[in-house]
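Below: start_34.cif (mmCIF, N, CA and C atoms)
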data_work
loop_
_atom_site.label_atom_id
_atom_site.label_comp_id
_atom_site.auth_asym_id
_atom_site.auth_seq_id
_atom_site.Cartn_x
_atom_site.Cartn_y
_atom_site.Cartn_z
N MET A 1 14.35 -8.93 -3.55
CA MET A 1 13.61 -7.86 -4.21
C MET A 1 12.86 -7.05 -3.15
N ALA A 2 12.52 -5.83 -3.48
CA ALA A 2 11.81 -4.94 -2.56
C ALA A 2 10.57 -4.40 -3.27
N PHE A 3 9.77 -3.65 -2.55
CA PHE A 3 8.60 -3.02 -3.15
C PHE A 3 9.02 -2.00 -4.20
N VAL A 4 8.25 -1.95 -5.30
CA VAL A 4 8.43 -0.96 -6.35
C VAL A 4 7.04 -0.50 -6.81
N ASN A 5 6.98 0.73 -7.29
CA ASN A 5 5.75 1.21 -7.92
C ASN A 5 5.80 0.76 -9.36
N ALA A 6 4.77 0.03 -9.80
CA ALA A 6 4.82 -0.55 -11.13
C ALA A 6 3.43 -0.67 -11.73
N GLU A 7 3.43 -0.74 -13.05
CA GLU A 7 2.20 -1.05 -13.77
C GLU A 7 2.20 -2.56 -13.97
N ILE A 8 1.14 -3.21 -13.52
CA ILE A 8 1.10 -4.67 -13.64
C ILE A 8 -0.01 -5.08 -14.59
N CYS A 9 0.13 -6.29 -15.11
CA CYS A 9 -0.84 -6.82 -16.07
C CYS A 9 -1.45 -8.11 -15.52
N ASP A 10 -2.26 -8.75 -16.32
CA ASP A 10 -2.95 -9.97 -15.90
C ASP A 10 -1.97 -11.07 -15.48
N GLU A 11 -0.84 -11.18 -16.17
CA GLU A 11 0.15 -12.20 -15.82
C GLU A 11 0.72 -11.96 -14.42
N ASP A 12 0.94 -10.68 -14.09
CA ASP A 12 1.44 -10.34 -12.76
C ASP A 12 0.39 -10.67 -11.70
N LEU A 13 -0.87 -10.40 -12.01
CA LEU A 13 -1.95 -10.74 -11.07
C LEU A 13 -1.94 -12.23 -10.78
N ALA A 14 -1.77 -13.03 -11.82
CA ALA A 14 -1.74 -14.49 -11.64
C ALA A 14 -0.55 -14.90 -10.78
N ALA A 15 0.61 -14.28 -11.02
CA ALA A 15 1.81 -14.60 -10.24
C ALA A 15 1.63 -14.23 -8.77
N LEU A 16 0.84 -13.19 -8.50
CA LEU A 16 0.57 -12.77 -7.13
C LEU A 16 -0.60 -13.53 -6.52
N GLY A 17 -1.29 -14.33 -7.33
CA GLY A 17 -2.45 -15.07 -6.84
C GLY A 17 -3.68 -14.20 -6.68
N LEU A 18 -3.77 -13.11 -7.44
CA LEU A 18 -4.86 -12.15 -7.27
C LEU A 18 -5.77 -12.04 -8.49
N GLU A 19 -5.67 -12.98 -9.43
CA GLU A 19 -6.47 -12.87 -10.65
C GLU A 19 -7.97 -12.89 -10.37
N ASN A 20 -8.40 -13.50 -9.28
CA ASN A 20 -9.83 -13.53 -8.97
C ASN A 20 -10.32 -12.24 -8.31
N TYR A 21 -9.41 -11.44 -7.80
CA TYR A 21 -9.79 -10.15 -7.20
C TYR A 21 -10.00 -9.09 -8.26
N PHE A 22 -9.14 -9.09 -9.27
CA PHE A 22 -9.14 -8.04 -10.28
C PHE A 22 -9.03 -8.69 -11.65
N PRO A 23 -10.14 -9.07 -12.25
CA PRO A 23 -10.10 -9.92 -13.43
C PRO A 23 -9.77 -9.26 -14.76
N PHE A 24 -9.51 -7.97 -14.80
CA PHE A 24 -9.22 -7.36 -16.10
C PHE A 24 -8.40 -6.10 -15.92
N GLY A 25 -7.70 -5.72 -16.99
CA GLY A 25 -7.04 -4.43 -17.05
C GLY A 25 -5.61 -4.40 -16.56
N THR A 26 -5.04 -3.20 -16.66
CA THR A 26 -3.69 -2.92 -16.20
C THR A 26 -3.82 -2.01 -14.99
N TYR A 27 -2.93 -2.19 -14.02
CA TYR A 27 -3.07 -1.49 -12.75
C TYR A 27 -1.74 -0.87 -12.33
N HIS A 28 -1.81 0.22 -11.61
CA HIS A 28 -0.64 0.85 -11.01
C HIS A 28 -0.65 0.52 -9.52
N TRP A 29 0.29 -0.33 -9.13
CA TRP A 29 0.35 -0.80 -7.75
C TRP A 29 1.76 -0.69 -7.22
N THR A 30 1.89 -0.88 -5.93
CA THR A 30 3.19 -1.01 -5.29
C THR A 30 3.33 -2.49 -4.97
N ILE A 31 4.33 -3.14 -5.58
CA ILE A 31 4.41 -4.61 -5.49
C ILE A 31 5.81 -5.08 -5.11
N ASP A 32 5.85 -6.27 -4.54
CA ASP A 32 7.08 -7.01 -4.29
C ASP A 32 6.82 -8.42 -4.81
N MET A 33 7.26 -8.70 -6.02
CA MET A 33 6.95 -9.98 -6.67
C MET A 33 7.60 -11.15 -5.94
N GLU A 34 8.79 -10.94 -5.40
CA GLU A 34 9.49 -12.03 -4.71
C GLU A 34 8.71 -12.50 -3.48
N ARG A 35 8.17 -11.57 -2.72
CA ARG A 35 7.41 -11.93 -1.51
C ARG A 35 5.92 -12.07 -1.80
N LYS A 36 5.54 -11.94 -3.08
CA LYS A 36 4.14 -12.05 -3.50
C LYS A 36 3.26 -11.11 -2.67
N ALA A 37 3.63 -9.83 -2.68
CA ALA A 37 2.92 -8.81 -1.90
C ALA A 37 2.57 -7.64 -2.81
N ALA A 38 1.41 -7.04 -2.54
CA ALA A 38 0.94 -5.89 -3.32
C ALA A 38 0.19 -4.93 -2.42
N LEU A 39 0.43 -3.65 -2.62
CA LEU A 39 -0.28 -2.59 -1.90
C LEU A 39 -1.15 -1.84 -2.89
N ILE A 40 -2.39 -1.63 -2.51
CA ILE A 40 -3.33 -0.89 -3.36
C ILE A 40 -4.03 0.14 -2.50
N VAL A 41 -3.98 1.40 -2.91
CA VAL A 41 -4.75 2.45 -2.25
C VAL A 41 -5.98 2.64 -3.11
N THR A 42 -7.14 2.21 -2.59
CA THR A 42 -8.34 2.15 -3.42
C THR A 42 -9.17 3.42 -3.39
N MET A 43 -8.94 4.30 -2.46
CA MET A 43 -9.61 5.60 -2.47
C MET A 43 -8.52 6.64 -2.41
N PRO A 44 -8.26 7.31 -3.52
CA PRO A 44 -7.13 8.24 -3.54
C PRO A 44 -7.29 9.34 -2.49
N CYS A 45 -6.18 9.68 -1.92
CA CYS A 45 -6.17 10.76 -0.94
C CYS A 45 -6.18 12.09 -1.69
N ASN A 46 -6.64 13.11 -1.04
CA ASN A 46 -6.70 14.43 -1.63
C ASN A 46 -5.77 15.35 -0.86
N GLU A 47 -4.83 15.98 -1.55
CA GLU A 47 -3.80 16.79 -0.91
C GLU A 47 -4.39 17.89 -0.04
N GLU A 48 -5.46 18.50 -0.46
CA GLU A 48 -6.04 19.60 0.31
C GLU A 48 -7.03 19.13 1.35
N LEU A 49 -7.83 18.12 1.04
CA LEU A 49 -8.89 17.70 1.96
C LEU A 49 -8.50 16.54 2.87
N HIS A 50 -7.42 15.83 2.55
CA HIS A 50 -6.95 14.71 3.36
C HIS A 50 -8.04 13.68 3.62
N PHE A 51 -8.55 13.09 2.54
CA PHE A 51 -9.54 12.02 2.66
C PHE A 51 -8.96 10.83 3.40
N LEU A 52 -9.83 10.09 4.02
CA LEU A 52 -9.46 8.81 4.58
C LEU A 52 -9.21 7.85 3.42
N CYS A 53 -8.07 7.17 3.42
CA CYS A 53 -7.71 6.27 2.35
C CYS A 53 -8.02 4.83 2.72
N SER A 54 -8.53 4.09 1.77
CA SER A 54 -8.70 2.64 1.93
C SER A 54 -7.44 2.00 1.37
N VAL A 55 -6.70 1.32 2.23
CA VAL A 55 -5.42 0.72 1.87
C VAL A 55 -5.55 -0.79 2.00
N ARG A 56 -5.22 -1.49 0.93
CA ARG A 56 -5.29 -2.95 0.94
C ARG A 56 -3.89 -3.50 0.69
N LEU A 57 -3.47 -4.41 1.58
CA LEU A 57 -2.18 -5.05 1.44
C LEU A 57 -2.44 -6.54 1.27
N PHE A 58 -1.94 -7.09 0.16
CA PHE A 58 -2.06 -8.51 -0.11
C PHE A 58 -0.69 -9.15 0.11
N ILE A 59 -0.65 -10.20 0.91
CA ILE A 59 0.59 -10.94 1.14
C ILE A 59 0.29 -12.41 0.88
N LYS A 60 0.92 -12.96 -0.17
CA LYS A 60 0.71 -14.36 -0.55
C LYS A 60 -0.78 -14.70 -0.62
N GLY A 61 -1.57 -13.82 -1.25
CA GLY A 61 -2.99 -14.06 -1.47
C GLY A 61 -3.90 -13.69 -0.31
N GLU A 62 -3.33 -13.37 0.86
CA GLU A 62 -4.15 -12.98 2.00
C GLU A 62 -4.28 -11.46 2.03
N GLU A 63 -5.50 -10.98 2.26
CA GLU A 63 -5.78 -9.55 2.21
C GLU A 63 -5.85 -8.94 3.61
N TYR A 64 -5.22 -7.78 3.75
CA TYR A 64 -5.28 -7.00 4.99
C TYR A 64 -5.81 -5.62 4.61
N TYR A 65 -6.75 -5.12 5.40
CA TYR A 65 -7.42 -3.86 5.08
C TYR A 65 -7.10 -2.83 6.16
N PHE A 66 -6.79 -1.62 5.73
CA PHE A 66 -6.47 -0.52 6.64
C PHE A 66 -7.20 0.74 6.19
N GLU A 67 -7.62 1.54 7.13
CA GLU A 67 -8.08 2.89 6.84
C GLU A 67 -7.02 3.82 7.38
N MET A 68 -6.51 4.70 6.50
CA MET A 68 -5.40 5.56 6.87
C MET A 68 -5.60 6.96 6.32
N PHE A 69 -5.03 7.92 7.03
CA PHE A 69 -4.97 9.30 6.55
C PHE A 69 -3.55 9.57 6.08
N ASP A 70 -3.42 10.40 5.07
CA ASP A 70 -2.10 10.92 4.74
C ASP A 70 -2.17 12.43 4.86
N LYS A 71 -1.12 13.02 5.38
CA LYS A 71 -1.08 14.48 5.48
C LYS A 71 0.37 14.92 5.44
N LYS A 72 0.56 16.17 5.09
CA LYS A 72 1.90 16.73 5.05
C LYS A 72 2.15 17.50 6.34
N GLU A 73 3.32 17.26 6.89
CA GLU A 73 3.79 18.00 8.06
C GLU A 73 5.13 18.59 7.68
N GLY A 74 5.14 19.88 7.37
CA GLY A 74 6.36 20.49 6.82
C GLY A 74 6.64 19.86 5.48
N ASN A 75 7.85 19.35 5.29
CA ASN A 75 8.21 18.67 4.05
C ASN A 75 7.93 17.18 4.10
N ASP A 76 7.52 16.67 5.26
CA ASP A 76 7.33 15.23 5.42
C ASP A 76 5.90 14.81 5.07
N LEU A 77 5.77 13.58 4.61
CA LEU A 77 4.48 12.97 4.34
C LEU A 77 4.22 11.94 5.43
N VAL A 78 3.11 12.09 6.14
CA VAL A 78 2.79 11.21 7.26
C VAL A 78 1.57 10.38 6.91
N TRP A 79 1.72 9.05 6.99
CA TRP A 79 0.61 8.11 6.87
C TRP A 79 0.24 7.70 8.29
N LYS A 80 -1.01 7.89 8.67
CA LYS A 80 -1.44 7.57 10.03
C LYS A 80 -2.61 6.59 10.00
N MET A 81 -2.46 5.50 10.75
CA MET A 81 -3.50 4.47 10.84
C MET A 81 -4.73 5.03 11.55
N HIS A 82 -5.88 4.79 10.95
CA HIS A 82 -7.16 5.15 11.58
C HIS A 82 -7.85 3.91 12.12
N TRP A 83 -7.85 2.82 11.32
CA TRP A 83 -8.54 1.60 11.73
C TRP A 83 -8.00 0.40 10.97
N THR A 84 -7.97 -0.75 11.64
CA THR A 84 -7.70 -2.03 10.99
C THR A 84 -8.17 -3.14 11.92
N HIS A 85 -8.26 -4.32 11.36
CA HIS A 85 -8.58 -5.50 12.17
C HIS A 85 -7.67 -6.62 11.70
N ILE A 86 -6.66 -6.92 12.51
CA ILE A 86 -5.69 -7.95 12.17
C ILE A 86 -5.52 -8.88 13.36
N LYS A 87 -5.42 -10.18 13.07
CA LYS A 87 -5.16 -11.16 14.12
C LYS A 87 -3.81 -10.84 14.77
N LYS A 88 -3.69 -11.15 16.06
CA LYS A 88 -2.44 -10.85 16.77
C LYS A 88 -1.24 -11.59 16.20
N GLU A 89 -1.42 -12.88 15.86
CA GLU A 89 -0.28 -13.63 15.35
C GLU A 89 0.10 -13.12 13.96
N GLY A 90 1.37 -12.76 13.82
CA GLY A 90 1.86 -12.26 12.54
C GLY A 90 1.63 -10.78 12.31
N LYS A 91 1.02 -10.11 13.26
CA LYS A 91 0.66 -8.70 13.10
C LYS A 91 1.88 -7.81 12.83
N GLU A 92 2.96 -8.03 13.57
CA GLU A 92 4.14 -7.18 13.41
C GLU A 92 4.75 -7.32 12.02
N GLU A 93 4.75 -8.53 11.47
CA GLU A 93 5.26 -8.75 10.11
C GLU A 93 4.40 -8.00 9.08
N VAL A 94 3.09 -8.05 9.26
CA VAL A 94 2.18 -7.34 8.36
C VAL A 94 2.42 -5.84 8.45
N TYR A 95 2.53 -5.32 9.68
CA TYR A 95 2.77 -3.88 9.86
C TYR A 95 4.11 -3.46 9.25
N GLU A 96 5.13 -4.29 9.37
CA GLU A 96 6.43 -3.96 8.80
C GLU A 96 6.34 -3.91 7.27
N MET A 97 5.62 -4.85 6.67
CA MET A 97 5.45 -4.82 5.21
C MET A 97 4.62 -3.61 4.79
N LEU A 98 3.63 -3.24 5.59
CA LEU A 98 2.83 -2.05 5.30
C LEU A 98 3.72 -0.81 5.32
N ARG A 99 4.57 -0.70 6.32
CA ARG A 99 5.50 0.43 6.40
C ARG A 99 6.40 0.48 5.16
N GLU A 100 6.97 -0.66 4.79
CA GLU A 100 7.83 -0.72 3.61
C GLU A 100 7.08 -0.29 2.35
N ALA A 101 5.89 -0.84 2.17
CA ALA A 101 5.11 -0.56 0.96
C ALA A 101 4.70 0.90 0.88
N LEU A 102 4.21 1.47 1.99
CA LEU A 102 3.79 2.87 1.98
C LEU A 102 4.97 3.82 1.77
N THR A 103 6.13 3.44 2.26
CA THR A 103 7.32 4.26 2.07
C THR A 103 7.68 4.33 0.58
N VAL A 104 7.51 3.23 -0.13
CA VAL A 104 7.75 3.23 -1.58
C VAL A 104 6.60 3.91 -2.31
N TYR A 105 5.35 3.61 -1.91
CA TYR A 105 4.17 4.20 -2.54
C TYR A 105 4.24 5.72 -2.49
N GLY A 106 4.56 6.25 -1.31
CA GLY A 106 4.70 7.69 -1.14
C GLY A 106 3.39 8.42 -1.31
N GLU A 107 3.32 9.24 -2.33
CA GLU A 107 2.14 10.07 -2.61
C GLU A 107 1.62 9.71 -3.99
N TYR A 108 0.41 9.22 -4.05
CA TYR A 108 -0.24 8.84 -5.32
C TYR A 108 0.53 7.77 -6.09
N GLY A 109 1.30 6.94 -5.38
CA GLY A 109 2.04 5.87 -6.03
C GLY A 109 3.24 6.34 -6.83
N ARG A 110 3.71 7.54 -6.53
CA ARG A 110 4.83 8.11 -7.28
C ARG A 110 6.07 8.32 -6.43
N GLY A 111 6.08 7.73 -5.24
CA GLY A 111 7.20 7.99 -4.33
C GLY A 111 7.04 9.36 -3.69
N TYR A 112 8.06 9.81 -2.99
CA TYR A 112 7.99 11.12 -2.34
C TYR A 112 9.41 11.58 -2.09
N GLU A 113 9.81 12.69 -2.70
CA GLU A 113 11.19 13.15 -2.58
C GLU A 113 11.32 14.50 -1.90
N LYS A 114 10.22 15.06 -1.43
CA LYS A 114 10.27 16.40 -0.82
C LYS A 114 10.73 16.36 0.63
N GLY A 115 10.65 15.19 1.24
CA GLY A 115 11.02 15.03 2.65
C GLY A 115 10.95 13.57 3.00
N LYS A 116 10.76 13.28 4.27
CA LYS A 116 10.66 11.89 4.73
C LYS A 116 9.22 11.41 4.62
N ILE A 117 9.09 10.08 4.58
CA ILE A 117 7.78 9.45 4.71
C ILE A 117 7.74 8.79 6.07
N ILE A 118 6.73 9.13 6.85
CA ILE A 118 6.58 8.60 8.20
C ILE A 118 5.29 7.79 8.22
N VAL A 119 5.37 6.55 8.68
CA VAL A 119 4.19 5.69 8.78
C VAL A 119 3.93 5.44 10.26
N MET A 120 2.77 5.91 10.73
CA MET A 120 2.40 5.77 12.15
C MET A 120 1.31 4.70 12.28
N ILE A 121 1.65 3.63 12.99
CA ILE A 121 0.70 2.53 13.17
C ILE A 121 0.37 2.40 14.64
#
If you took the structure in this file and wrote it as structure tokens, what would it be?
Amino acid sequence: MAFVNAEICDEDLAALGLENYFPFGTYHWTIDMERKAALIVTMPCNEELHFLCSVRLFIKGEEYYFEMFDKKEGNDLVWKMHWTHIKKEGKEEVYEMLREALTVYGEYGRGYEKGKIIVMI
């Protein structure tokens, strides 16, 4: 299975091991249930102002936090890392999953079909 943009419920949260993080409601996330991974952009980006986005990636219950900008360059959507703190061991695997998840997430969790998605880490 791969990452998909999906609406998840409490049962999905439990399957991902995240029920203690988000104890209620339905959520729109980018998830990979097989790898127990979820991407959440907690501060929406603004197309005109290009806010700094808070991006959280959960992999098997472990949380990774990133601050990223998104901006359009021509027809392409570029996600650029501003800040993170990740241990060296396993870092490349986390970055690869982040690239995969953001490529599916696209713009506002709806994918992106106007051009390419480029993730700069």
Pull out every residue that the PyMOL selection byres (((chain A and resi 58-61 and name CA) around 9) and name CA) matches in the shown coordinates and put them as a PyMOL selection string. chain A and resi 16-18+35-40+56-57+62-65+94+97
Among region 62-105 of chain A, which ones does DSSP place in strand (DSSP E), written as a PyMOL selection string? chain A and resi 62-73+76-84
Any chance you can output those residues with N, CA and C atoms as an mmCIF file, in the coordinates of the input?
data_model
loop_
_atom_site.group_PDB
_atom_site.id
_atom_site.type_symbol
_atom_site.label_atom_id
_atom_site.label_comp_id
_atom_site.auth_asym_id
_atom_site.auth_seq_id
_atom_site.Cartn_x
_atom_site.Cartn_y
_atom_site.Cartn_z
ATOM 1 N N GLU A 62 -3.330 -13.370 0.860
ATOM 2 C CA GLU A 62 -4.150 -12.980 2.000
ATOM 3 C C GLU A 62 -4.280 -11.460 2.030
ATOM 4 N N GLU A 63 -5.500 -10.980 2.260
ATOM 5 C CA GLU A 63 -5.780 -9.550 2.210
ATOM 6 C C GLU A 63 -5.850 -8.940 3.610
ATOM 7 N N TYR A 64 -5.220 -7.780 3.750
ATOM 8 C CA TYR A 64 -5.280 -7.000 4.990
ATOM 9 C C TYR A 64 -5.810 -5.620 4.610
ATOM 10 N N TYR A 65 -6.750 -5.120 5.400
ATOM 11 C CA TYR A 65 -7.420 -3.860 5.080
ATOM 12 C C TYR A 65 -7.100 -2.830 6.160
ATOM 13 N N PHE A 66 -6.790 -1.620 5.730
ATOM 14 C CA PHE A 66 -6.470 -0.520 6.640
ATOM 15 C C PHE A 66 -7.200 0.740 6.190
ATOM 16 N N GLU A 67 -7.620 1.540 7.130
ATOM 17 C CA GLU A 67 -8.080 2.890 6.840
ATOM 18 C C GLU A 67 -7.020 3.820 7.380
ATOM 19 N N MET A 68 -6.510 4.700 6.500
ATOM 20 C CA MET A 68 -5.400 5.560 6.870
ATOM 21 C C MET A 68 -5.600 6.960 6.320
ATOM 22 N N PHE A 69 -5.030 7.920 7.030
ATOM 23 C CA PHE A 69 -4.970 9.300 6.550
ATOM 24 C C PHE A 69 -3.550 9.570 6.080
ATOM 25 N N ASP A 70 -3.420 10.400 5.070
ATOM 26 C CA ASP A 70 -2.100 10.920 4.740
ATOM 27 C C ASP A 70 -2.170 12.430 4.860
ATOM 28 N N LYS A 71 -1.120 13.020 5.380
ATOM 29 C CA LYS A 71 -1.080 14.480 5.480
ATOM 30 C C LYS A 71 0.370 14.920 5.440
ATOM 31 N N LYS A 72 0.560 16.170 5.090
ATOM 32 C CA LYS A 72 1.900 16.730 5.050
ATOM 33 C C LYS A 72 2.150 17.500 6.340
ATOM 34 N N GLU A 73 3.320 17.260 6.890
ATOM 35 C CA GLU A 73 3.790 18.000 8.060
ATOM 36 C C GLU A 73 5.130 18.590 7.680
ATOM 37 N N ASP A 76 7.520 16.670 5.260
ATOM 38 C CA ASP A 76 7.330 15.230 5.420
ATOM 39 C C ASP A 76 5.900 14.810 5.070
ATOM 40 N N LEU A 77 5.770 13.580 4.610
ATOM 41 C CA LEU A 77 4.480 12.970 4.340
ATOM 42 C C LEU A 77 4.220 11.940 5.430
ATOM 43 N N VAL A 78 3.110 12.090 6.140
ATOM 44 C CA VAL A 78 2.790 11.210 7.260
ATOM 45 C C VAL A 78 1.570 10.380 6.910
ATOM 46 N N TRP A 79 1.720 9.050 6.990
ATOM 47 C CA TRP A 79 0.610 8.110 6.870
ATOM 48 C C TRP A 79 0.240 7.700 8.290
ATOM 49 N N LYS A 80 -1.010 7.890 8.670
ATOM 50 C CA LYS A 80 -1.440 7.570 10.030
ATOM 51 C C LYS A 80 -2.610 6.590 10.000
ATOM 52 N N MET A 81 -2.460 5.500 10.750
ATOM 53 C CA MET A 81 -3.500 4.470 10.840
ATOM 54 C C MET A 81 -4.730 5.030 11.550
ATOM 55 N N HIS A 82 -5.880 4.790 10.950
ATOM 56 C CA HIS A 82 -7.160 5.150 11.580
ATOM 57 C C HIS A 82 -7.850 3.910 12.120
ATOM 58 N N TRP A 83 -7.850 2.820 11.320
ATOM 59 C CA TRP A 83 -8.540 1.600 11.730
ATOM 60 C C TRP A 83 -8.000 0.400 10.970
ATOM 61 N N THR A 84 -7.970 -0.750 11.640
ATOM 62 C CA THR A 84 -7.700 -2.030 10.990
ATOM 63 C C THR A 84 -8.170 -3.140 11.920
#
Skipping near chain neighbours, those fewer than 3 positions away, what residues fall within 6 Å of Val4 (chain A) using all atoms listed in the file, listed as a list of chain:residue names? A:Trp29, A:Thr30, A:Ile31, A:Asp32
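Interatomic distance, CA of Asp70 (chain A) against CA of Glu19 (chain A): 28.7 Å.
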Could you write out as number ranges by chain the residues that the PyMOL selection byres ((chain A and resi 74) around 8) matches in the shown file? A: 71-73, 75-77, 114-116
Could those residues be written to a file, using N, CA and C atoms, as a compact mmCIF listing (two decimals), in the frame of the given file?
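Result file is result13.txt:
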# COMPACT_ATOMS: atom_id res chain seq x y z
N LYS A 71 -1.12 13.02 5.38
CA LYS A 71 -1.08 14.48 5.48
C LYS A 71 0.37 14.92 5.44
N LYS A 72 0.56 16.17 5.09
CA LYS A 72 1.90 16.73 5.05
C LYS A 72 2.15 17.50 6.34
N GLU A 73 3.32 17.26 6.89
CA GLU A 73 3.79 18.00 8.06
C GLU A 73 5.13 18.59 7.68
N ASN A 75 7.85 19.35 5.29
CA ASN A 75 8.21 18.67 4.05
C ASN A 75 7.93 17.18 4.10
N ASP A 76 7.52 16.67 5.26
CA ASP A 76 7.33 15.23 5.42
C ASP A 76 5.90 14.81 5.07
N LEU A 77 5.77 13.58 4.61
CA LEU A 77 4.48 12.97 4.34
C LEU A 77 4.22 11.94 5.43
N LYS A 114 10.22 15.06 -1.43
CA LYS A 114 10.27 16.40 -0.82
C LYS A 114 10.73 16.36 0.63
N GLY A 115 10.65 15.19 1.24
CA GLY A 115 11.02 15.03 2.65
C GLY A 115 10.95 13.57 3.00
N LYS A 116 10.76 13.28 4.27
CA LYS A 116 10.66 11.89 4.73
C LYS A 116 9.22 11.41 4.62
Chain and number of each residue from the PyMOL selection byres ((chain A and resi 54) around 5), as a list in words: Val41, Thr42, Met43, Leu52, Cys53, Val55, Arg56, Phe66 and Glu67 of chain A
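Between CA of Val104 (chain A) and CA of Glu92 (chain A) there is a distance of 18.6 Å.
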Option closest in space to Thr84 (chain A), from A:Leu13, A:Met68, A:Asn20, A:Ala101 [counting all atoms listed in the file]: A:Met68
Quote the spacing between CA of Trp79 (chain A) and atom N of Val119 (chain A) in Å to one decimal place. 5.3 Å
